[in-house]
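data-v6.cif (mmCIF, C-alpha atoms)
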```cif
data_query
loop_
_atom_site.label_atom_id
_atom_site.label_comp_id
_atom_site.auth_asym_id
_atom_site.auth_seq_id
_atom_site.Cartn_x
_atom_site.Cartn_y
_atom_site.Cartn_z
CA MET A 1 -43.82 -33.80 45.60
CA THR A 2 -40.33 -35.37 45.71
CA GLY A 3 -37.04 -35.11 43.81
CA VAL A 4 -36.33 -32.08 41.61
CA ARG A 5 -38.79 -29.32 42.40
CA ARG A 6 -41.21 -28.53 39.58
CA ALA A 7 -42.82 -25.19 38.76
CA LEU A 8 -45.90 -24.86 36.57
CA ILE A 9 -46.16 -21.47 34.85
CA VAL A 10 -49.46 -20.47 33.27
CA GLY A 11 -48.79 -17.89 30.55
CA GLY A 12 -46.02 -17.94 27.97
CA SER A 13 -45.49 -14.24 27.34
CA LEU A 14 -42.57 -12.23 28.69
CA GLY A 15 -43.43 -12.53 32.40
CA GLY A 16 -43.79 -16.29 32.18
CA LEU A 17 -40.54 -16.74 30.26
CA LEU A 18 -38.56 -14.41 32.55
CA THR A 19 -39.76 -16.33 35.60
CA GLY A 20 -39.22 -19.71 33.96
CA CYS A 21 -35.65 -18.94 32.89
CA LEU A 22 -34.68 -17.69 36.35
CA LEU A 23 -36.14 -20.72 38.13
CA ARG A 24 -34.41 -23.09 35.71
CA ARG A 25 -31.14 -21.37 36.53
CA ASP A 26 -31.77 -22.32 40.17
CA GLY A 27 -32.35 -25.98 39.36
CA TRP A 28 -36.14 -26.10 39.09
CA GLN A 29 -37.88 -28.18 36.46
CA VAL A 30 -40.12 -25.61 34.77
CA ASP A 31 -42.97 -26.08 32.32
CA VAL A 32 -44.76 -23.14 30.71
CA PHE A 33 -48.35 -23.51 29.50
CA GLU A 34 -49.62 -20.93 26.99
CA ARG A 35 -53.31 -20.72 26.07
CA SER A 36 -52.64 -19.60 22.49
CA ALA A 37 -52.27 -22.42 19.99
CA GLU A 38 -50.02 -20.23 17.84
CA PRO A 39 -46.50 -19.00 18.71
CA LEU A 40 -46.50 -15.54 20.29
CA SER A 41 -43.33 -14.29 18.59
CA GLY A 42 -43.82 -11.15 16.54
CA ARG A 43 -46.67 -9.75 18.62
CA GLY A 44 -46.50 -6.47 20.47
CA ALA A 45 -44.75 -3.19 19.78
CA GLY A 46 -42.20 -0.97 21.51
CA ILE A 47 -40.62 -1.55 24.92
CA VAL A 48 -38.65 0.97 27.00
CA THR A 49 -35.88 -0.82 28.89
CA HIS A 50 -34.73 -0.03 32.42
CA PRO A 51 -31.74 -1.30 34.42
CA ARG A 52 -33.83 -3.78 36.42
CA LEU A 53 -35.13 -5.39 33.22
CA LEU A 54 -31.65 -5.66 31.76
CA GLU A 55 -30.50 -7.28 35.02
CA ALA A 56 -33.28 -9.87 34.83
CA LEU A 57 -32.52 -10.64 31.18
CA THR A 58 -28.81 -11.03 31.90
CA CYS A 59 -29.59 -13.43 34.76
CA CYS A 60 -31.74 -15.42 32.32
CA GLY A 61 -28.74 -15.84 30.02
CA VAL A 62 -29.76 -13.25 27.42
CA SER A 63 -26.85 -11.33 25.91
CA ILE A 64 -27.43 -7.56 25.90
CA ASP A 65 -25.31 -6.59 22.90
CA ARG A 66 -25.35 -3.56 20.61
CA GLY A 67 -28.06 -5.15 18.48
CA PHE A 68 -30.42 -5.72 21.38
CA GLY A 69 -32.15 -2.36 21.03
CA VAL A 70 -31.99 1.15 19.65
CA ASN A 71 -30.26 3.78 21.77
CA VAL A 72 -31.64 7.31 21.92
CA GLU A 73 -30.02 10.23 23.71
CA MET A 74 -32.57 13.02 23.48
CA ARG A 75 -36.26 13.70 24.14
CA ILE A 76 -38.08 16.47 22.32
CA ALA A 77 -41.58 17.97 22.29
CA LEU A 78 -43.22 19.43 19.18
CA ASP A 79 -46.12 21.85 19.04
CA ALA A 80 -49.05 21.62 16.62
CA ALA A 81 -47.03 23.47 13.98
CA GLY A 82 -44.14 21.01 14.24
CA ARG A 83 -41.78 23.40 16.06
CA GLU A 84 -39.57 22.07 18.82
CA VAL A 85 -40.84 23.49 22.12
CA GLY A 86 -38.99 21.28 24.60
CA ARG A 87 -35.81 19.22 24.87
CA PHE A 88 -34.38 16.98 27.58
CA SER A 89 -31.38 14.64 27.55
CA MET A 90 -32.20 11.10 28.74
CA PRO A 91 -30.18 8.24 27.22
CA GLN A 92 -32.26 5.05 26.98
CA MET A 93 -32.33 1.75 25.10
CA LEU A 94 -35.59 1.04 23.28
CA THR A 95 -36.47 -2.40 22.01
CA SER A 96 -39.52 -4.39 20.97
CA TRP A 97 -41.75 -7.06 22.46
CA GLY A 98 -40.81 -9.43 19.65
CA ARG A 99 -37.07 -8.93 20.26
CA LEU A 100 -37.45 -9.76 23.96
CA HIS A 101 -39.68 -12.78 23.38
CA SER A 102 -37.34 -14.16 20.75
CA ALA A 103 -34.32 -13.74 23.06
CA LEU A 104 -36.04 -15.50 25.96
CA ASN A 105 -37.36 -18.28 23.72
CA ALA A 106 -33.79 -18.95 22.63
CA VAL A 107 -32.71 -19.76 26.21
CA PHE A 108 -35.87 -21.56 27.40
CA PRO A 109 -36.15 -25.16 26.13
CA SER A 110 -38.94 -25.59 23.59
CA SER A 111 -39.74 -29.07 24.93
CA HIS A 112 -40.98 -27.46 28.15
CA TYR A 113 -43.06 -24.73 26.44
CA HIS A 114 -46.57 -25.98 25.70
CA LEU A 115 -48.96 -24.17 23.34
CA GLY A 116 -52.73 -24.54 23.25
CA CYS A 117 -53.09 -25.15 27.00
CA SER A 118 -56.01 -23.17 28.41
CA LEU A 119 -56.21 -23.42 32.20
CA GLU A 120 -59.54 -24.33 33.79
CA ARG A 121 -58.58 -24.37 37.45
CA VAL A 122 -55.90 -25.01 40.06
CA ASP A 123 -56.34 -27.57 42.84
CA SER A 124 -54.28 -28.08 45.98
CA ILE A 125 -52.85 -31.57 46.51
CA PRO A 126 -50.66 -32.88 49.36
CA GLY A 127 -47.31 -31.14 49.05
CA GLY A 128 -48.15 -29.43 45.77
CA VAL A 129 -50.67 -28.17 43.20
CA ARG A 130 -52.47 -29.61 40.21
CA ALA A 131 -53.37 -27.64 37.08
CA ARG A 132 -56.38 -28.76 35.05
CA PHE A 133 -56.62 -27.66 31.41
CA ASP A 134 -59.67 -27.56 29.14
CA SER A 135 -58.27 -30.41 27.03
CA GLY A 136 -58.47 -32.71 30.05
CA ARG A 137 -54.72 -32.53 30.60
CA GLU A 138 -53.55 -32.41 34.21
CA GLU A 139 -50.12 -31.44 35.51
CA GLU A 140 -48.72 -31.47 39.05
CA GLY A 141 -45.98 -29.35 40.56
CA ASP A 142 -44.55 -27.96 43.76
CA LEU A 143 -45.92 -24.52 42.88
CA LEU A 144 -47.93 -22.77 40.18
CA LEU A 145 -47.34 -19.24 38.93
CA GLY A 146 -49.99 -17.20 37.16
CA ALA A 147 -48.27 -15.18 34.44
CA ASP A 148 -51.36 -15.10 32.26
CA GLY A 149 -51.82 -11.37 31.94
CA ILE A 150 -54.55 -8.84 32.59
CA ARG A 151 -57.38 -11.37 32.10
CA SER A 152 -55.63 -13.97 34.28
CA THR A 153 -57.53 -17.21 34.87
CA VAL A 154 -55.35 -17.88 37.91
CA ARG A 155 -56.15 -14.50 39.48
CA THR A 156 -59.86 -14.90 38.72
CA GLN A 157 -59.95 -18.17 40.66
CA TYR A 158 -58.39 -16.66 43.79
CA LEU A 159 -59.54 -13.03 43.50
CA PRO A 160 -62.79 -13.09 41.49
CA SER A 161 -63.70 -9.50 42.43
CA VAL A 162 -60.40 -8.04 41.15
CA VAL A 163 -61.00 -6.94 37.55
CA PRO A 164 -59.37 -4.40 35.23
CA LYS A 165 -60.70 -0.85 35.71
CA TYR A 166 -60.94 1.32 32.61
CA ALA A 167 -58.94 4.54 32.97
CA GLY A 168 -61.07 6.68 30.65
CA TYR A 169 -58.83 6.76 27.59
CA ILE A 170 -57.31 4.59 24.88
CA ALA A 171 -53.96 4.36 23.11
CA TRP A 172 -53.84 4.23 19.34
CA ARG A 173 -50.65 2.39 18.34
CA GLY A 174 -48.73 1.65 15.19
CA LEU A 175 -45.37 0.77 13.68
CA ILE A 176 -43.88 2.41 10.58
CA GLU A 177 -40.92 1.05 8.65
CA GLU A 178 -37.98 3.43 8.88
CA CYS A 179 -37.57 3.45 5.11
CA ALA A 180 -41.22 4.57 4.68
CA LEU A 181 -40.70 7.88 6.50
CA PRO A 182 -39.91 10.88 4.28
CA GLU A 183 -36.48 12.38 4.86
CA ARG A 184 -37.67 15.54 6.64
CA THR A 185 -39.90 13.63 9.05
CA HIS A 186 -37.19 11.06 9.69
CA ALA A 187 -34.68 13.80 10.50
CA ALA A 188 -37.11 15.51 12.88
CA ILE A 189 -38.26 12.59 15.03
CA PHE A 190 -36.78 9.20 14.21
CA GLU A 191 -33.62 9.21 16.33
CA ARG A 192 -35.45 10.77 19.28
CA PHE A 193 -38.05 9.99 21.89
CA ALA A 194 -40.54 12.57 20.66
CA PHE A 195 -43.77 13.97 22.12
CA CYS A 196 -46.70 16.12 21.04
CA LEU A 197 -49.33 17.31 23.53
CA PRO A 198 -52.71 18.32 22.09
CA PRO A 199 -55.14 19.46 24.81
CA GLY A 200 -56.01 16.47 27.00
CA GLU A 201 -54.04 14.07 24.78
CA GLN A 202 -50.51 12.82 24.28
CA MET A 203 -48.67 11.47 21.24
CA LEU A 204 -45.24 9.91 21.58
CA GLY A 205 -42.91 7.98 19.33
CA TYR A 206 -39.53 6.29 19.39
CA PRO A 207 -37.42 3.94 17.24
CA VAL A 208 -37.43 0.17 17.79
CA ALA A 209 -36.06 -2.90 16.06
CA GLY A 210 -37.48 -3.73 12.67
CA ALA A 211 -38.28 -6.93 10.81
CA ALA A 212 -36.29 -9.96 12.02
CA ASN A 213 -35.39 -7.81 15.06
CA SER A 214 -32.89 -5.77 13.05
CA THR A 215 -31.47 -2.62 14.64
CA GLU A 216 -29.44 -1.62 11.59
CA LYS A 217 -30.08 1.88 10.26
CA GLY A 218 -32.69 1.84 7.53
CA GLN A 219 -34.15 -1.45 8.80
CA ARG A 220 -35.73 -0.23 12.04
CA ARG A 221 -39.28 0.86 12.81
CA TYR A 222 -40.85 3.86 14.51
CA ASN A 223 -43.29 3.05 17.31
CA LEU A 224 -46.25 5.42 17.78
CA VAL A 225 -48.53 5.69 20.84
CA TRP A 226 -51.37 8.24 20.88
CA TYR A 227 -53.41 8.57 24.08
CA ARG A 228 -56.96 9.92 23.57
CA PRO A 229 -59.92 10.17 25.97
CA ALA A 230 -62.86 7.88 25.15
CA ALA A 231 -65.94 7.66 27.36
CA GLU A 232 -66.56 4.05 28.36
CA GLN A 233 -70.27 3.68 27.68
CA THR A 234 -70.34 5.52 24.36
CA GLU A 235 -67.16 6.01 22.33
CA LEU A 236 -65.25 3.01 23.69
CA MET A 237 -68.20 0.67 23.12
CA ASP A 238 -68.44 1.90 19.53
CA LEU A 239 -64.70 1.46 18.97
CA LEU A 240 -64.94 -2.14 20.23
CA THR A 241 -67.79 -2.96 17.83
CA ASP A 242 -66.76 -4.45 14.49
CA ALA A 243 -68.44 -4.09 11.10
CA SER A 244 -70.70 -7.10 11.74
CA GLY A 245 -72.07 -5.45 14.88
CA ARG A 246 -70.23 -7.76 17.26
CA ARG A 247 -68.91 -6.04 20.39
CA HIS A 248 -65.55 -7.31 21.64
CA GLU A 249 -64.76 -7.49 25.34
CA GLY A 250 -61.71 -5.50 26.45
CA ALA A 251 -59.90 -5.42 23.10
CA ILE A 252 -60.58 -5.90 19.42
CA PRO A 253 -58.26 -7.65 16.92
CA PRO A 254 -56.60 -5.00 14.71
CA PRO A 255 -58.05 -6.34 11.42
CA LEU A 256 -61.58 -5.99 12.83
CA ILE A 257 -61.31 -2.31 13.75
CA ARG A 258 -63.83 -0.54 11.53
CA PRO A 259 -62.36 1.54 8.69
CA ASP A 260 -64.46 4.56 9.70
CA HIS A 261 -62.75 4.63 13.11
CA ILE A 262 -59.31 4.55 11.51
CA ALA A 263 -60.32 7.25 9.02
CA ARG A 264 -61.55 9.55 11.82
CA MET A 265 -58.38 8.91 13.81
CA ARG A 266 -56.23 9.93 10.81
CA GLU A 267 -58.35 13.06 10.30
CA ALA A 268 -57.87 13.98 13.96
CA ALA A 269 -54.11 13.49 13.56
CA ASP A 270 -54.05 16.01 10.71
CA ALA A 271 -56.05 18.49 12.79
CA LEU A 272 -54.32 18.10 16.17
CA LEU A 273 -50.80 16.76 15.85
CA ALA A 274 -47.47 18.14 14.71
CA PRO A 275 -47.17 17.59 10.93
CA GLN A 276 -44.35 15.08 11.48
CA PHE A 277 -46.56 12.90 13.64
CA ALA A 278 -49.61 13.37 11.41
CA GLU A 279 -47.56 12.14 8.46
CA ALA A 280 -46.37 9.11 10.44
CA VAL A 281 -49.98 8.29 11.35
CA ARG A 282 -51.02 8.46 7.70
CA LEU A 283 -48.22 6.06 6.78
CA THR A 284 -49.01 3.51 9.51
CA PRO A 285 -50.28 0.44 7.63
CA GLN A 286 -52.28 -1.17 10.44
CA PRO A 287 -53.14 1.15 13.34
CA PHE A 288 -54.72 -0.51 16.35
CA PHE A 289 -55.82 0.65 19.76
CA GLN A 290 -55.86 -0.62 23.32
CA PRO A 291 -58.13 0.61 26.11
CA ILE A 292 -56.04 1.68 29.11
CA TYR A 293 -56.73 -0.14 32.36
CA ASP A 294 -55.57 -0.20 35.97
CA LEU A 295 -55.42 -3.49 37.84
CA GLU A 296 -54.21 -3.85 41.41
CA SER A 297 -54.31 -7.10 43.41
CA PRO A 298 -54.52 -6.95 47.22
CA TYR A 299 -52.76 -10.33 47.44
CA ILE A 300 -50.45 -12.13 45.01
CA ALA A 301 -49.66 -15.32 46.93
CA PHE A 302 -52.13 -18.09 47.81
CA GLY A 303 -50.34 -20.97 49.46
CA ARG A 304 -48.34 -22.61 46.66
CA VAL A 305 -49.77 -20.31 43.98
CA ALA A 306 -48.54 -16.80 43.11
CA LEU A 307 -49.14 -14.10 40.50
CA VAL A 308 -46.42 -12.38 38.48
CA GLY A 309 -46.35 -9.59 35.91
CA ASP A 310 -49.64 -8.28 34.53
CA ALA A 311 -51.62 -11.01 36.29
CA ALA A 312 -50.81 -9.22 39.55
CA PHE A 313 -50.67 -5.52 38.59
CA VAL A 314 -51.31 -3.62 35.39
CA ALA A 315 -50.07 -0.03 35.31
CA ARG A 316 -50.85 2.48 32.60
CA PRO A 317 -48.06 2.52 30.00
CA HIS A 318 -46.80 6.03 30.85
CA VAL A 319 -44.28 4.63 33.34
CA GLY A 320 -42.87 2.26 30.70
CA MET A 321 -42.51 -0.31 33.48
CA GLY A 322 -44.74 -3.22 32.43
CA VAL A 323 -42.03 -5.63 31.33
CA THR A 324 -39.51 -4.24 33.82
CA LYS A 325 -41.97 -4.94 36.65
CA ALA A 326 -42.40 -8.51 35.37
CA GLY A 327 -38.61 -8.89 35.42
CA ALA A 328 -38.42 -7.50 38.96
CA ASP A 329 -41.20 -9.88 40.03
CA ALA A 330 -39.25 -12.80 38.57
CA LEU A 331 -36.02 -11.76 40.31
CA ALA A 332 -37.78 -11.35 43.66
CA LEU A 333 -39.58 -14.67 43.33
CA ALA A 334 -36.41 -16.57 42.47
CA GLU A 335 -34.59 -14.92 45.36
CA ALA A 336 -37.37 -15.82 47.81
CA LEU A 337 -37.36 -19.46 46.70
CA ARG A 338 -33.58 -19.65 47.06
CA ALA A 339 -33.73 -18.21 50.58
CA ASP A 340 -36.50 -20.49 51.89
CA THR A 341 -37.11 -24.08 50.81
CA ASN A 342 -40.62 -23.94 52.29
CA VAL A 343 -42.58 -22.92 49.18
CA GLU A 344 -45.52 -21.34 50.98
CA GLN A 345 -43.26 -19.24 53.21
CA ALA A 346 -41.14 -18.21 50.22
CA LEU A 347 -44.20 -17.06 48.30
CA ALA A 348 -45.40 -15.12 51.34
CA HIS A 349 -42.03 -13.34 51.45
CA TYR A 350 -42.32 -12.64 47.71
CA GLN A 351 -45.75 -11.11 48.27
CA ALA A 352 -44.52 -8.91 51.12
CA ARG A 353 -41.78 -7.54 48.91
CA ARG A 354 -43.67 -7.04 45.64
CA LEU A 355 -47.05 -5.73 46.82
CA PRO A 356 -45.62 -2.30 47.77
CA ALA A 357 -43.61 -2.18 44.54
CA GLY A 358 -46.67 -2.91 42.40
CA ALA A 359 -48.76 -0.34 44.25
CA ALA A 360 -46.06 2.32 43.76
CA VAL A 361 -45.95 1.74 40.01
CA ILE A 362 -49.76 1.86 39.77
CA THR A 363 -49.90 5.17 41.64
CA ARG A 364 -47.14 6.67 39.54
CA ALA A 365 -48.84 5.63 36.30
CA ARG A 366 -52.19 7.05 37.41
CA ASN A 367 -50.57 10.38 38.19
CA LEU A 368 -48.83 10.54 34.81
CA GLY A 369 -52.05 9.74 32.95
CA ALA A 370 -54.52 11.81 34.96
CA TYR A 371 -54.88 14.65 32.45
CA MET A 372 -56.05 12.27 29.71
CA GLN A 373 -58.93 10.76 31.66
CA ALA A 374 -62.37 11.33 30.23
CA GLN A 375 -63.55 12.11 33.77
CA ILE A 376 -61.44 13.52 36.59
CA SER A 377 -63.23 12.88 39.85
CA THR A 378 -60.91 13.47 42.79
CA PRO A 379 -58.82 16.44 43.95
CA LYS A 380 -55.68 14.31 43.62
CA GLU A 381 -56.52 13.49 39.98
CA ARG A 382 -57.10 17.18 39.28
CA GLU A 383 -53.76 18.05 40.90
CA MET A 384 -51.89 15.47 38.82
CA ALA A 385 -53.76 16.49 35.66
CA GLU A 386 -52.54 20.04 36.09
CA ARG A 387 -48.95 18.96 36.75
CA TYR A 388 -48.66 16.70 33.72
CA ARG A 389 -50.00 19.23 31.27
CA SER A 390 -46.48 20.67 31.58
CA ILE A 391 -44.14 19.86 28.68
CA ASP A 392 -41.18 19.80 31.04
CA ALA A 393 -42.83 17.26 33.38
CA VAL A 394 -43.81 15.00 30.49
CA LEU A 395 -40.31 15.05 29.00
CA ARG A 396 -38.60 14.38 32.32
CA GLU A 397 -40.96 11.84 33.84
CA THR A 398 -42.66 9.72 31.17
CA ALA A 399 -41.08 6.23 31.10
CA ALA A 400 -38.19 7.55 33.22
CA PRO A 401 -35.86 5.15 35.07
CA GLU A 402 -37.35 4.26 38.42
CA GLU A 403 -34.40 5.66 40.36
CA MET A 404 -35.55 9.09 39.15
CA TRP A 405 -38.93 8.80 40.85
CA ARG A 406 -38.78 6.05 43.46
CA GLN A 407 -37.34 6.89 46.88
CA VAL A 408 -36.96 3.19 47.64
CA VAL A 409 -36.52 0.47 45.01
CA VAL A 410 -38.32 -2.59 46.36
#
```
Just give me the structure as structure tokens.
Amino acid sequence: MTGVRRALIVGGSLGGLLTGCLLRRDGWQVDVFERSAEPLSGRGAGIVTHPRLLEALTCCGVSIDRGFGVNVEMRIALDAAGREVGRFSMPQMLTSWGRLHSALNAVFPSSHYHLGCSLERVDSIPGGVRARFDSGREEEGDLLLGADGIRSTVRTQYLPSVVPKYAGYIAWRGLIEECALPERTHAAIFERFAFCLPPGEQMLGYPVAGAANSTEKGQRRYNLVWYRPAAEQTELMDLLTDASGRRHEGAIPPPLIRPDHIARMREAADALLAPQFAEAVRLTPQPFFQPIYDLESPYIAFGRVALVGDAAFVARPHVGMGVTKAGADALALAEALRADTNVEQALAHYQARRLPAGAAVITRARNLGAYMQAQISTPKEREMAERYRSIDAVLRETAAPEEMWRQVVV
């Protein structure tokens, strides 16, 4: 390849856009190829921000102003009767997937963002790489980055044995309009990062931007996440089966979740959760769930090809680090490519730096989620399960800034 260096990015979600914006800043020609034929904006739910993510966004040209997210100062825990049984001060900014994607889309040129491009394979060519898509389209570049998520086609080509591993539990999720919450419930939980801990489970909620990414009072939303054990071969398989009898692999579209599953989930909320949370669950218009997975790659660089974000590592959501890790990957990759014009050497340096960071986040997330696993098999899992039954540990350590739990920030 000659002239301006060109990067091909497979995957147009947050990791792909973060990486693309940073490389464009350094003079690369960047094209992003997204498999979905429809725009991604508006998908997703709540995001906990961390300093490293805000740094990456700022470097991309995104303005972090007062409307970027919702600030909370306090964390609380409620018991099954709705009484406050724990409190911890931890100022954080909470935002939404849609707000981040919209902000990054605004700074990445639409002419270089290509929808409906499903990758078939990557081939090496002299001095570069070639991407082949199922439409017959072919594109060449100096490097290719797999930012195509947990089911990454790029990772599957290079690491076919590395697949997501089910953690033994699911997360029911939902968004409620701020104006839909009754006054007493709003006063109890809305302006806080709130938790409830039924035996072996965890409910949490926090405010995020509302429709059109508004952070004005009265126009925001409350984001709910309820972790519940679900045995893989029985309950999970049933949850992933729609009313027609079709079983979905890995995830099921929210409209296809069977009404009986949603009804039982709401009944369990009434029986197990603080009344404030149970009421919020009842008012959630479209609950959905995601199985929780771990994914850890032993390598993330393959010559002129590298993995970023969830294509490389997927940590359980308890660390609140998914998007922050993607931002840190993007920063490290851009730095490596600035420091070394030899692409293969630069990607090797990127791998050396980010493999330990990804492994640390995975380990941390497993520890935080151990007590919700349907099966606890090792002494270490039992030790962590016992620790994180503690209200104080949950309040202090769930989605905490990495400087509070990492001895070395990689």
Using the chain letters and numbers from the file, which residues does the PyMOL selection byres ((chain A and resi 297) around 8) grab, as a list in words?
->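 Taken on the displayed file, the PyMOL selection byres ((chain A and resi 297) around 8) yields the residues Leu159, Val162, Leu295, Glu296, Pro298, Tyr299, Ile300, Ala312 and Phe313 of chain A.
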Show which residues sit within 7 Å of region 221-232 of chain A, as a ChimeraX atom specification. Count only C-alpha atoms, and ignore same-chain residues fewer than 3 positions away.
-> /A:45-46,168-178,190,201-210,235-237,372-374
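Minimum distance to Arg121 (chain A) across A:Val305, A:Gly218, A:Val30, A:His50 (counting only C-alpha atoms) occurs at A:Val305.
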Between CA of Ser118 (chain A) and CA of Gly322 (chain A), what is the distance, to one decimal in Å?
->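 Value for the CA of Ser118 (chain A)-CA of Gly322 (chain A) distance: 23.3 Å.
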Selection near region 240-250 of chain A, 12 Å with only C-alpha atoms, sequence-local residues under 4 positions removed, as a PyMOL selection string | chain A and resi 150-151+163-166+170+230+232-236+254-261+288-293
Between CA of Cys60 (chain A) and CA of Gly116 (chain A), what is the spacing in Å?
->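 CA of Cys60 (chain A) lies 24.6 Å from CA of Gly116 (chain A).
From CA of Tyr371 (chain A) back to CA of Leu239 (chain A), the distance works out to 21.3 Å.
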Quick one: which residues end up in the PyMOL selection byres ((chain A and resi 51-54) around 10) for this structure, as a ChimeraX atom specification?
-> /A:18,48-50,55-60,62-64,92-93,321-328,331,401-403,409
For the residues in the current selection, export C-alpha atoms as a PDB file, in the frame of the given file.
```
ATOM      1  CA  LEU A  18     -38.560 -14.410  32.550  1.00  0.00           C
ATOM      2  CA  VAL A  48     -38.650   0.970  27.000  1.00  0.00           C
ATOM      3  CA  THR A  49     -35.880  -0.820  28.890  1.00  0.00           C
ATOM      4  CA  HIS A  50     -34.730  -0.030  32.420  1.00  0.00           C
ATOM      5  CA  GLU A  55     -30.500  -7.280  35.020  1.00  0.00           C
ATOM      6  CA  ALA A  56     -33.280  -9.870  34.830  1.00  0.00           C
ATOM      7  CA  LEU A  57     -32.520 -10.640  31.180  1.00  0.00           C
ATOM      8  CA  THR A  58     -28.810 -11.030  31.900  1.00  0.00           C
ATOM      9  CA  CYS A  59     -29.590 -13.430  34.760  1.00  0.00           C
ATOM     10  CA  CYS A  60     -31.740 -15.420  32.320  1.00  0.00           C
ATOM     11  CA  VAL A  62     -29.760 -13.250  27.420  1.00  0.00           C
ATOM     12  CA  SER A  63     -26.850 -11.330  25.910  1.00  0.00           C
ATOM     13  CA  ILE A  64     -27.430  -7.560  25.900  1.00  0.00           C
ATOM     14  CA  GLN A  92     -32.260   5.050  26.980  1.00  0.00           C
ATOM     15  CA  MET A  93     -32.330   1.750  25.100  1.00  0.00           C
ATOM     16  CA  MET A 321     -42.510  -0.310  33.480  1.00  0.00           C
ATOM     17  CA  GLY A 322     -44.740  -3.220  32.430  1.00  0.00           C
ATOM     18  CA  VAL A 323     -42.030  -5.630  31.330  1.00  0.00           C
ATOM     19  CA  THR A 324     -39.510  -4.240  33.820  1.00  0.00           C
ATOM     20  CA  LYS A 325     -41.970  -4.940  36.650  1.00  0.00           C
ATOM     21  CA  ALA A 326     -42.400  -8.510  35.370  1.00  0.00           C
ATOM     22  CA  GLY A 327     -38.610  -8.890  35.420  1.00  0.00           C
ATOM     23  CA  ALA A 328     -38.420  -7.500  38.960  1.00  0.00           C
ATOM     24  CA  LEU A 331     -36.020 -11.760  40.310  1.00  0.00           C
ATOM     25  CA  PRO A 401     -35.860   5.150  35.070  1.00  0.00           C
ATOM     26  CA  GLU A 402     -37.350   4.260  38.420  1.00  0.00           C
ATOM     27  CA  GLU A 403     -34.400   5.660  40.360  1.00  0.00           C
ATOM     28  CA  VAL A 409     -36.520   0.470  45.010  1.00  0.00           C
TER      29      VAL A 409
END
```
Have a look at A:Arg266, A:Phe88, A:Pro160, A:Ala301 and name the one nearest to Thr284 (chain A); count only C-alpha atoms.
->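 That would be A:Arg266, the residue with the smallest distance to Thr284 (chain A).
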When distances are computed from all atoms listed in the file, which of A:Val4, A:Cys21, A:Ala336, A:Ala81 shows the smallest separation from Ala271 (chain A)?
-> A:Ala81
Of the listed residues A:Arg364, A:Arg354, A:Arg24, A:Arg35, that which approaches Ser152 (chain A) most closely, counting all atoms listed in the file =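 The shortest atom-to-atom distance to Ser152 (chain A) comes from A:Arg35.
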From A:Arg192, A:Arg282, A:Arg75, A:Arg155, residue lying nearest Ala306 (chain A) [only C-alpha atoms] |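 Among the listed residues, A:Arg155 lies closest to Ala306 (chain A).
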